[in-house]
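Have a look at the structure below before the remarks.
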There are 4 protein chains.
Amino acid sequence: MKIGFVGLGNMGAPMARNLLKAGHQLRVFDIVESAMTSLDQAERAESAAQAVQGVEVFISMLPAGQHVRDLYLSEQGVLSVVQPETLLIDCSTIDPETSRTVAAAAADQGIEMLDAPVSGGTAGASAGTLTFIVGGVADALQRARPLLEVMGANIFHAGASGAGQTAKVCNNMLLAITMAGTAEALALGVANGLDPAVLSEIMKQSSGGNWCLNGYNPYPGVMDGVPASRDYEGGFLVDLMSKDLGLAIDTARAAGSSVPLGALADSLFALHRTCNSAGRRDFSSIQWLYQPELKR
Amino acid sequence: MKIGFVGLGNMGAPMARNLLKAGHQLRVFDIVESAMTSLDQAERAESAAQAVQGVEVFISMLPAGQHVRDLYLSEQGVLSVVQPETLLIDCSTIDPETSRTVAAAAADQGIEMLDAPVSGGTAGASAGTLTFIVGGVADALQRARPLLEVMGANIFHAGASGAGQTAKVCNNMLLAITMAGTAEALALGVANGLDPAVLSEIMKQSSGGNWCLNGYNPYPGVMDGVPASRDYEGGFLVDLMSKDLGLAIDTARAAGSSVPLGALADSLFALHRTCNSAGRRDFSSIQWLYQPELKR
Amino acid sequence: MKIGFVGLGNMGAPMARNLLKAGHQLRVFDIVESAMTSLDQAERAESAAQAVQGVEVFISMLPAGQHVRDLYLSEQGVLSVVQPETLLIDCSTIDPETSRTVAAAAADQGIEMLDAPVSGGTAGASAGTLTFIVGGVADALQRARPLLEVMGANIFHAGASGAGQTAKVCNNMLLAITMAGTAEALALGVANGLDPAVLSEIMKQSSGGNWCLNGYNPYPGVMDGVPASRDYEGGFLVDLMSKDLGLAIDTARAAGSSVPLGALADSLFALHRTCNSAGRRDFSSIQWLYQPELKR
Amino acid sequence: MKIGFVGLGNMGAPMARNLLKAGHQLRVFDIVESAMTSLDQAERAESAAQAVQGVEVFISMLPAGQHVRDLYLSEQGVLSVVQPETLLIDCSTIDPETSRTVAAAAADQGIEMLDAPVSGGTAGASAGTLTFIVGGVADALQRARPLLEVMGANIFHAGASGAGQTAKVCNNMLLAITMAGTAEALALGVANGLDPAVLSEIMKQSSGGNWCLNGYNPYPGVMDGVPASRDYEGGFLVDLMSKDLGLAIDTARAAGSSVPLGALADSLFALHRTCNSAGRRDFSSIQWLYQPELKR
């Protein structure tokens with residue numbers, strides 16, 4: 001299949017590589033020219049507009065809503081040149097409002113578009129085991145599915161345009177709350193003499209059980225192979241979790257919802273970032289906020 | 001086995017009945033005389049002190065730390081009459097400090113004592129499927145195990161005296177955070193047009209996954225047979241969750257820990273109790289705080 | 001003086017009227033034509049661009065940052081036609097980032113611009129007793145001062161461009177925290193049998209003293225002539241406080257600061273808006289969130 | 001006047017000294033014998049019970065509720081020996097419930113008792129400029145007033161027994177919220193380039209105005225002679241503010257109130273204590289939590 005791909009950062013590049021490996025033809029573009037060097041087998045476009053011309057599917061993976069608006073809606077943007085039969089898939093994690101706006105503009109031209117934010121990080125992108133949470137019509141998802149299956153292991157259909165973003169935002173807000181809550185509970189237990197491994201096991205099998213306890217324990221030494229056991233290097237960065245919490249809070253404000261726990265989690269990660277210079281650590285390092293003595 | 005049992009409330013009575021059914025001999029006492037009527041096969045004691053005399057194991061199930069102190073430590077309390085070979089098991093959910101104090105006083109007399117708070121509610125008490133989280137020495141737990149297995153399905157050894165209480169407090173604080181966080185995420189999704197069942201399924205299989213999403217979904221109509229689907233009747237009452245959060249906050253204060261998410265969850269349940277008169281509803285009714293329109 | 005004025009809403013119209021009364025010549029514009037009817041003595045412009053031509057000072061009063069960007073920066077916006085000697089004053093309450101961006105664009109053309117958000121509400125706008133918090137160079141403020149004194153009673157110079165917005169955002173976040181905190185303290189006292197007037201008097205004279213206790217007591221019946229004593233009609237709307245808290249949270253995020261109390265105040269006002277349908281009440285009605293029994 | 005005085009710590013000793021200076025006869029007791037050495041002109045009692053015998057007024061100043069219960073209610077406590085005409089004044093800062101209980105027990109014996117917690121710290125105790133917030137009947141306060149005026153500058157009558165404690169708890173919770181909120185607003189401004197002195201001045205004169213901005217500014221260098229300008233040495237310790245916040249939270253729980261901002265302030269001070277080892281610093285050092293770069 002002929003595919004256009006724009007945005008070849010830490011996530012986009014390995015996703016594109018997996019499409020190449022699966023035998024697809026790619027035309028790629030990134031404003032940072034060096035980002036394209038690792039994709040020798042792909043054709044290089046001179047611009048985003050050129051990358052979309054003549055392809056069956058066009059995929060974008062960008063950092064923020066403003067970039068997505070610019071890419072698709074600007075005067076010489078993707079929507080100004082795209083052919084009606086091309087399927088558009090935006091894999092960026094951005095605000096649902098932007099996804100809805102861009103998809104509506106595409107629909108006005110008779111073009112199908114999906115918002116398909118991912119989770120799984122750079123490791124999942126490389127391994128082709130990402131999770132896609134997709135918004136848009138079912139038919140378009142049907143067309144996209146073979147490609148998404150090349151890049152990912154789980155594909156969820158969340159609803160209409162923007163629903164992929166909303167579902168990801170909800171999930172990641174809940175993850176932030178659960179991770180910080182788990183760290184808080186473990187710190188409380190340890191301060192009262194409990195063994196963190198024993199307490200983790202009890203809560204995992206009880207009503208406190210959650211994804212973090214199952215496979216991403218934030219307490220150093222409890223679980224092998226997780227960021228907590230390598231000084232919180234790698235993983236899902238605090239800075240990225242803060243970005244997602246910002247999206248959650250904005251999404252709540254726009255809808256008139258209140259997210260008190262999400263907002264407090266956001267404040268705690270911000271305090272953690274400042275007090276522990278932890279923006280570039282895995283987000284499970286929030287354990288440090290509760291127990292500064294764990295810091296080396 | 002000859003067993004003394006004090007405290008025959010909503011939890012204690014069915015626990016005692018299960019022991020009777022299993023063929024044990026019970027001597028029971030409750031300050032509310034009528035509480036003993038449902039236990040015809042048990043011998044009635046005139047006082048707590050009498051209930052402990054000559055038994056191999058003595059079990060208590062009381063509402064608060066002050067009751068436990070009075071029962072064991074008062075002038076004519078259990079410790080003033082108990083024989084050295086009797087094993088003491090306190091199943092009350094109370095502050096760890098009291099459990100440690102009473103167990104230490106027992107140890108001074110050469111008597112073994114366990115704190116063994118339960119979860120599972122009145123349904124679990126009746127069905128004999130409670131979870132016991134036990135603090136005390138391993139030998140004592142070994143002795144207690146056959147009886148605990150009559151009343152429960154899961155038995156965890158959390159550590160030394162008081163550790164059972166601490167572990168339960170940690171678990172239930174995390175549960176409160178997770179339940180309120182799940183309700184918050186679902187409300188955010190619904191306010192943005194998502195189907196709560198679809199969003200629940202996505203988060204359950206993703207990094208937001210937790211015990212509430214697995215089997216105790218707070219959103220009406222998503223899951224059958226849970227409190228959310230019967231107007232939040234029955235289940236684990238908001239008032240009881242508030243009690244447990246109070247224990248968590250006190251335990252944190254005593255140890256110099258901070259529990260910001262636990263404290264906010266406590267405030268949210270308190271606001272919910274006040275604004276929605278919800279003290280006697282299941283705690284998953286916190287969904288109402290985020291979406292008052294769900295209230296009939 | 002010849003003045004251009006764009007944005008004649010609830011705040012802008014009375015501000016413009018005060019300038020007219022003081023003998024200034026106004027050329028006005030609002031996209032809502034009827035907004036100009038109450039300003040018969042002013043010349044009506046056909047567009048914002050026309051309103052700025054040939055005036056010595058140009059004043060804008062708009063709802064949000066996007067409007068300000070459009071007014072000044074769009075292709076046929078104010079900056080495309082303004083003469084170098086015209087002083088620009090934006091009185092909108094918006095994000096500091098937008099103020100800085102627009103002022104920088106003006107400076108590039110050699111034009112002086114002030115951000116001068118106000119507090120004091122519609123009553124202060126009518127009475128000419130607004131407070132102006134101004135960002136920009138001192139000389140420009142010197143030029144603006146005679147006009148600001150016509151419209152307001154207090155003028156603060158907060159610093160360079162954007163500083164007016166930042167200072168207002170900081171002040172109003174602190175006000176939200178103080179008002180909700182005062183309501184919380186009063187509710188706690190009343191729940192324990194205190195007279196709210198006696199408690200208010202004690203705290204006012206003690207270390208809890210603050211602007212709300214001095215002249216804007218949130219408890220019904222304690223103070224005459226305040227919103228609390230007329231069922232929270234009029235005053236400073238919850239919706240507007242929520243807007244300002246949104247700006248505070250965005251400003252904090254942009255700078256990497258954390259504002260946990262501001263974020264919680266925002267959540268509490270959002271819960272209040274939802275649970276009590278209180279968006280159009282004065283913000284001191286947050287008292288209801290703590291004491292639903294006060295609602296009629 | 002003949003006065004009994006028990007509890008001669010950092011606060012009690014200077015209070016007693018002021019009574020001696022004013023010409024009163026004191027009989028004093030403290031369980032720490034050395035605490036009495038600085039009061040040579042006072043008669044030393046052998047026990048609290050002895051200190052109360054034959055005096056017209058009996059004053060106590062103890063650390064916590066349990067001490068007050070023990071002093072007055074234990075078998076050989078004050079109430080077992082006090083004469084009916086003696087006026088009892090407890091100046092300890094404790095939970096309102098204990099104050100009510102002890103005062104009720106006194107009333108049962110026909111004895112008048114006041115709860116009269118103070119604010120003003122050790123400096124105010126030495127200078128005789130404390131603030132007393134008094135609970136109890138007006139007649140008893142009338143009798144106490146001449147003595148309180150020797151030790152303090154402001155005397156408030158908050159209501160019936162326990163009301164002094166409740167009012168102090170409410171005030172100090174509001175103070176904690178206001179101080180942390182002020183620090184948060186200043187940090188937000190500084191992160192956006194404002195001068196903390198300019199921002200302080202603007203907020204002081206605007207709707208953010210409060211007692212902290214008036215005379216206890218938390219930002220280093222803004223105000224002379226405050227703890228912030230001497231590295232937060234002295235003043236009102238974080239540990240003591242945490243104690244008062246604990247009382248506020250307990251008082252709220254007992255009454256079924258919710259205090260979300262008070263609870264978050266408590267968590268923030270606890271995080272500050274842990275992350276910055278700040279328990280023995282003035283509470284305005286909470287500024288460090290927001291701006292770790294201010295720490296030397």
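Letters A, B, ... mark the chains of the structure tokens in the order given; residue numbers begin at 1 per chain; ligand numbers begin at 1, in order shown.
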
>> Using only C-alpha atoms and a cut-off of 8 Å, which residues of chain B sit close to chain C? Please list them as a VMD selection string.
In response: chain B and resid 271 274 to 275 289 to 292

> If we count only C-alpha atoms, what is near Ala48 (chain B) at a cut-off of 9 Å, once residues fewer than 2 positions away on the same chain are taken out, given as a VMD selection string?
Replying inline: chain B and resid 4 to 6 28 to 31 45 to 46 50 to 52 71 77 to 78

> Nearest to Asn217 (chain B): which of B:Ala185, B:Ala42, B:Ile111, B:Val150 is it, counting only C-alpha atoms?
Replying inline: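 Using only C-alpha atoms, the shortest distance to Asn217 (chain B) belongs to B:Ala185.
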
>> List as an MDAnalysis selection string the protein and nucleic acid residues near Ala252 (chain A), meaning an atom at most 12 Å away when only C-alpha atoms are counted, but skip any in the same chain fewer than 4 places from it.
In response: (chainID A and resid 95:97 166 169:170 173 245:248 256:260 262:263) or (chainID B and resid 184:192 290) or (chainID C and resid 246 266:267 270:271)

>> I need the helix (DSSP H, G or I) residues of region 78-258 of chain B per DSSP on the backbone, written as number ranges by chain.
In response: B: 78-81, 96-108, 121-127, 138-151, 163-191, 196-204, 211-215, 227-230, 238-255

> Leaving out region 125-139 of chain A and any residue of its chain fewer than 4 positions from it, which residues lie within 6 Å of it when counting only C-alpha atoms, given as JSON, numbers by chain?
Replying inline: {"A": [14, 15, 114, 115, 116, 117, 118, 119, 120, 151, 152, 153, 154, 155, 156, 157, 158, 159, 160, 161, 162, 163, 164]}

Now that the selection is made, can you save its residues with all heavy atoms as a compact mmCIF listing (two decimals), in the first residue's frame?
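Written file, result_3.txt:
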```txt
# COMPACT_ATOMS: atom_id res chain seq x y z
N PRO A 14 9.92 4.70 14.47
CA PRO A 14 9.77 3.23 14.55
C PRO A 14 8.43 2.73 14.00
O PRO A 14 8.37 1.62 13.45
CB PRO A 14 9.91 2.93 16.05
CG PRO A 14 9.78 4.24 16.75
CD PRO A 14 10.18 5.29 15.79
N MET A 15 7.38 3.53 14.12
CA MET A 15 6.10 3.12 13.52
C MET A 15 6.25 3.01 12.00
O MET A 15 5.77 2.05 11.38
CB MET A 15 5.01 4.13 13.89
CG MET A 15 4.60 4.08 15.37
SD MET A 15 3.64 5.54 15.89
CE MET A 15 2.08 5.23 15.03
N LEU A 114 -9.42 9.53 10.84
CA LEU A 114 -9.47 8.89 12.16
C LEU A 114 -8.51 9.62 13.10
O LEU A 114 -7.42 10.02 12.70
CB LEU A 114 -9.02 7.43 12.07
CG LEU A 114 -9.84 6.48 11.21
CD1 LEU A 114 -9.11 5.14 11.09
CD2 LEU A 114 -11.24 6.27 11.83
N ASP A 115 -8.92 9.77 14.38
CA ASP A 115 -7.92 10.11 15.40
C ASP A 115 -7.56 8.79 16.07
O ASP A 115 -8.44 8.01 16.45
CB ASP A 115 -8.43 11.15 16.40
CG ASP A 115 -9.78 10.85 16.99
OD1 ASP A 115 -10.78 10.85 16.23
OD2 ASP A 115 -9.87 10.62 18.22
N ALA A 116 -6.27 8.52 16.16
CA ALA A 116 -5.82 7.20 16.62
C ALA A 116 -4.61 7.33 17.53
O ALA A 116 -3.53 6.79 17.23
CB ALA A 116 -5.52 6.32 15.43
N PRO A 117 -4.76 8.03 18.67
CA PRO A 117 -3.62 8.15 19.58
C PRO A 117 -3.22 6.78 20.11
O PRO A 117 -4.03 5.87 20.17
CB PRO A 117 -4.17 9.04 20.70
CG PRO A 117 -5.65 8.83 20.67
CD PRO A 117 -5.99 8.64 19.22
N VAL A 118 -1.94 6.68 20.48
CA VAL A 118 -1.40 5.39 20.89
C VAL A 118 -0.95 5.42 22.34
O VAL A 118 -0.69 6.46 22.90
CB VAL A 118 -0.19 5.00 20.02
CG1 VAL A 118 -0.57 5.03 18.54
CG2 VAL A 118 0.99 5.92 20.28
N SER A 119 -0.85 4.24 22.94
CA SER A 119 -0.07 4.12 24.17
C SER A 119 0.86 2.93 24.02
O SER A 119 0.66 2.08 23.15
CB SER A 119 -0.97 3.99 25.40
OG SER A 119 -1.72 2.83 25.35
N GLY A 120 1.88 2.90 24.84
CA GLY A 120 2.86 1.82 24.72
C GLY A 120 4.28 2.35 24.60
O GLY A 120 5.24 1.59 24.72
N MET A 151 1.45 -1.98 13.26
CA MET A 151 2.13 -1.13 14.24
C MET A 151 1.74 -1.43 15.68
O MET A 151 2.42 -1.02 16.62
CB MET A 151 1.84 0.35 13.94
CG MET A 151 2.32 0.80 12.56
SD MET A 151 2.00 2.57 12.25
CE MET A 151 0.21 2.56 11.97
N GLY A 152 0.62 -2.12 15.87
CA GLY A 152 0.11 -2.28 17.23
C GLY A 152 -0.47 -3.64 17.51
O GLY A 152 -0.69 -4.45 16.60
N ALA A 153 -0.74 -3.88 18.78
CA ALA A 153 -1.28 -5.17 19.20
C ALA A 153 -2.74 -5.08 19.61
O ALA A 153 -3.48 -6.05 19.55
CB ALA A 153 -0.45 -5.73 20.35
N ASN A 154 -3.17 -3.89 20.07
CA ASN A 154 -4.55 -3.72 20.50
C ASN A 154 -5.16 -2.53 19.81
O ASN A 154 -4.55 -1.46 19.75
CB ASN A 154 -4.62 -3.46 22.01
CG ASN A 154 -4.06 -4.61 22.81
OD1 ASN A 154 -4.63 -5.68 22.82
ND2 ASN A 154 -2.91 -4.38 23.45
N ILE A 155 -6.36 -2.71 19.33
CA ILE A 155 -7.05 -1.62 18.65
C ILE A 155 -8.44 -1.48 19.25
O ILE A 155 -9.24 -2.42 19.22
CB ILE A 155 -7.15 -1.90 17.14
CG1 ILE A 155 -5.73 -2.01 16.56
CG2 ILE A 155 -7.94 -0.81 16.43
CD1 ILE A 155 -5.68 -2.73 15.24
N PHE A 156 -8.72 -0.31 19.81
CA PHE A 156 -10.04 -0.06 20.39
C PHE A 156 -10.77 0.99 19.58
O PHE A 156 -10.18 2.01 19.19
CB PHE A 156 -9.91 0.46 21.82
CG PHE A 156 -9.30 -0.51 22.77
CD1 PHE A 156 -8.03 -0.29 23.30
CD2 PHE A 156 -10.00 -1.65 23.16
CE1 PHE A 156 -7.46 -1.19 24.18
CE2 PHE A 156 -9.44 -2.55 24.06
CZ PHE A 156 -8.17 -2.33 24.56
N HIS A 157 -12.04 0.77 19.36
CA HIS A 157 -12.87 1.80 18.72
C HIS A 157 -13.66 2.52 19.80
O HIS A 157 -14.57 1.96 20.40
CB HIS A 157 -13.80 1.18 17.69
CG HIS A 157 -14.52 2.22 16.88
ND1 HIS A 157 -15.68 1.98 16.20
CD2 HIS A 157 -14.23 3.53 16.66
CE1 HIS A 157 -16.09 3.08 15.58
NE2 HIS A 157 -15.22 4.03 15.85
N ALA A 158 -13.29 3.77 20.04
CA ALA A 158 -13.88 4.50 21.17
C ALA A 158 -15.17 5.21 20.81
O ALA A 158 -15.98 5.50 21.69
CB ALA A 158 -12.87 5.52 21.71
N GLY A 159 -15.39 5.51 19.52
CA GLY A 159 -16.59 6.23 19.12
C GLY A 159 -16.30 7.14 17.94
O GLY A 159 -15.38 6.87 17.17
N ALA A 160 -17.05 8.22 17.83
CA ALA A 160 -16.95 9.14 16.69
C ALA A 160 -15.66 9.95 16.75
O ALA A 160 -14.85 9.79 17.66
CB ALA A 160 -18.16 10.06 16.68
N SER A 161 -15.48 10.84 15.82
CA SER A 161 -14.26 11.66 15.74
C SER A 161 -13.97 12.35 17.07
O SER A 161 -14.86 12.93 17.69
CB SER A 161 -14.42 12.74 14.67
OG SER A 161 -14.25 12.17 13.40
N GLY A 162 -12.74 12.28 17.49
CA GLY A 162 -12.34 12.88 18.76
C GLY A 162 -12.42 11.90 19.91
O GLY A 162 -11.78 12.11 20.95
N ALA A 163 -13.20 10.83 19.73
CA ALA A 163 -13.41 9.88 20.84
C ALA A 163 -12.14 9.13 21.19
O ALA A 163 -11.92 8.74 22.34
CB ALA A 163 -14.53 8.90 20.50
N GLY A 164 -11.28 8.93 20.20
CA GLY A 164 -9.99 8.30 20.49
C GLY A 164 -9.19 9.14 21.46
O GLY A 164 -8.65 8.64 22.46
```

>> Just the number, please: distance in Å from CA of Thr122 (chain A) to CA of Arg44 (chain A), one decimal.
In response: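 So the two atoms, CA of Thr122 (chain A) and CA of Arg44 (chain A), lie 22.7 Å apart.
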
>> So that I can see what lies close to Glu112 (chain B), please list as an MDAnalysis selection string the residues with an atom at most 12 Å from it, counting only C-alpha atoms and leaving out residues fewer than 4 positions away in the same chain.
In response: chainID B and resid 56:58 79 82:90 102:108 135:144 160:161

Just write the chosen residues, N, CA and C atoms, as a short mmCIF file (atom, residue, chain, number, x, y, z; two decimals), in the first residue's frame.
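Okay, this is what ended up in again-v8.cif:
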```cif
data_model
loop_
_atom_site.label_atom_id
_atom_site.label_comp_id
_atom_site.auth_asym_id
_atom_site.auth_seq_id
_atom_site.Cartn_x
_atom_site.Cartn_y
_atom_site.Cartn_z
N GLU B 56 -10.11 -21.96 73.84
CA GLU B 56 -8.81 -22.07 73.17
C GLU B 56 -8.50 -20.84 72.33
N VAL B 57 -9.56 -20.30 71.72
CA VAL B 57 -9.41 -19.12 70.88
C VAL B 57 -10.49 -18.11 71.24
N PHE B 58 -10.11 -16.85 71.28
CA PHE B 58 -11.08 -15.80 71.58
C PHE B 58 -11.05 -14.79 70.44
N LEU B 79 -7.82 -9.18 79.20
CA LEU B 79 -6.45 -9.49 79.62
C LEU B 79 -6.35 -9.75 81.12
N VAL B 82 -7.81 -13.78 81.02
CA VAL B 82 -7.51 -14.76 79.99
C VAL B 82 -6.38 -15.72 80.44
N GLN B 83 -6.52 -16.99 80.05
CA GLN B 83 -5.46 -17.96 80.35
C GLN B 83 -4.35 -17.87 79.31
N PRO B 84 -3.12 -18.21 79.69
CA PRO B 84 -1.96 -18.02 78.81
C PRO B 84 -2.06 -18.80 77.50
N GLU B 85 -2.76 -19.89 77.48
CA GLU B 85 -2.76 -20.71 76.27
C GLU B 85 -3.83 -20.26 75.25
N THR B 86 -4.68 -19.34 75.64
CA THR B 86 -5.71 -18.86 74.72
C THR B 86 -5.11 -17.94 73.65
N LEU B 87 -5.52 -18.19 72.41
CA LEU B 87 -5.11 -17.31 71.29
C LEU B 87 -6.16 -16.23 71.10
N LEU B 88 -5.71 -14.98 71.06
CA LEU B 88 -6.64 -13.85 70.87
C LEU B 88 -6.59 -13.37 69.42
N ILE B 89 -7.77 -13.19 68.82
CA ILE B 89 -7.86 -12.69 67.44
C ILE B 89 -8.83 -11.52 67.40
N ASP B 90 -8.32 -10.33 67.12
CA ASP B 90 -9.23 -9.19 67.00
C ASP B 90 -9.46 -8.90 65.52
N VAL B 102 -2.47 -3.16 72.31
CA VAL B 102 -3.16 -4.28 72.96
C VAL B 102 -2.34 -5.56 72.81
N ALA B 103 -1.78 -5.78 71.62
CA ALA B 103 -0.98 -6.99 71.42
C ALA B 103 0.26 -6.99 72.31
N ALA B 104 0.84 -5.80 72.51
CA ALA B 104 2.02 -5.71 73.38
C ALA B 104 1.65 -6.04 74.82
N ALA B 105 0.49 -5.54 75.24
CA ALA B 105 0.03 -5.85 76.61
C ALA B 105 -0.21 -7.35 76.76
N ALA B 106 -0.78 -7.97 75.72
CA ALA B 106 -0.99 -9.42 75.75
C ALA B 106 0.35 -10.15 75.82
N ALA B 107 1.29 -9.73 74.97
CA ALA B 107 2.61 -10.37 74.93
C ALA B 107 3.29 -10.30 76.29
N ASP B 108 3.09 -9.18 77.00
CA ASP B 108 3.67 -9.04 78.34
C ASP B 108 3.19 -10.15 79.27
N GLY B 135 -1.98 -9.37 61.16
CA GLY B 135 -0.72 -8.95 61.77
C GLY B 135 -0.45 -9.76 63.02
N GLY B 136 0.83 -10.13 63.24
CA GLY B 136 1.20 -10.93 64.40
C GLY B 136 2.24 -11.95 64.00
N VAL B 137 2.66 -12.81 64.94
CA VAL B 137 3.71 -13.77 64.61
C VAL B 137 3.15 -14.93 63.79
N ALA B 138 4.03 -15.51 62.98
CA ALA B 138 3.60 -16.55 62.04
C ALA B 138 3.01 -17.77 62.76
N ASP B 139 3.57 -18.14 63.92
CA ASP B 139 3.06 -19.30 64.66
C ASP B 139 1.61 -19.12 65.07
N ALA B 140 1.32 -17.91 65.55
CA ALA B 140 -0.05 -17.64 65.97
C ALA B 140 -1.00 -17.72 64.79
N LEU B 141 -0.56 -17.18 63.65
CA LEU B 141 -1.39 -17.26 62.46
C LEU B 141 -1.61 -18.73 62.07
N GLN B 142 -0.56 -19.56 62.23
CA GLN B 142 -0.69 -20.98 61.94
C GLN B 142 -1.81 -21.61 62.77
N ARG B 143 -1.83 -21.25 64.04
CA ARG B 143 -2.90 -21.77 64.92
C ARG B 143 -4.27 -21.27 64.49
N ALA B 144 -4.31 -20.00 64.06
CA ALA B 144 -5.61 -19.39 63.74
C ALA B 144 -6.16 -19.84 62.39
N ALA B 160 4.14 -7.98 61.45
CA ALA B 160 4.03 -8.04 62.90
C ALA B 160 2.72 -7.41 63.40
N SER B 161 2.54 -7.37 64.70
CA SER B 161 1.31 -6.82 65.28
C SER B 161 1.00 -5.44 64.73
#
```

>> Using DSSP secondary structure from the backbone, list all strand (DSSP E) positions within region 24-114 of chain B, as a list in words.
In response: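 Checking each residue of region 24-114 of chain B, the strand (DSSP E) ones are Gln25, Leu26, Arg27, Val28, Phe29, Glu43, Arg44, Val57, Phe58, Ile59, Ser60, Leu87, Leu88, Ile89, Asp90, Met113 and Leu114 of chain B.
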
> Suppose you want the space between CA of Arg273 (chain A) and CA of Asn172 (chain C); what is it in Å?
Replying inline: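 Between CA of Arg273 (chain A) and CA of Asn172 (chain C) the gap is 25.3 Å.
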
>> Can you pull out the residues contacting Glu201 (chain D)? Cut-off 10 Å, using only C-alpha atoms, and skip same-chain residues under 3 positions away; I want them as a PyMOL selection string.
In response: (chain C and resi 156+158) or (chain D and resi 196-198+204-206+209+213-214+222)

>> When you count only C-alpha atoms, which of these residues is closest to Pro227 (chain C): C:Ser277, C:Gly193, C:Ala254, C:Ser285?
In response: C:Ser285

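Residues surrounding Ser38 (chain D) within 10 Å are Leu8, Ala13, Pro14 and Arg17 of chain D [only C-alpha atoms; sequence separation below 5 positions excluded].
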
>> Please report the interatomic distance between CA of Ser92 (chain A) and CA of Ser99 (chain C) in Å with one decimal.
In response: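 Computing it gives 28.7 Å between the two atoms.
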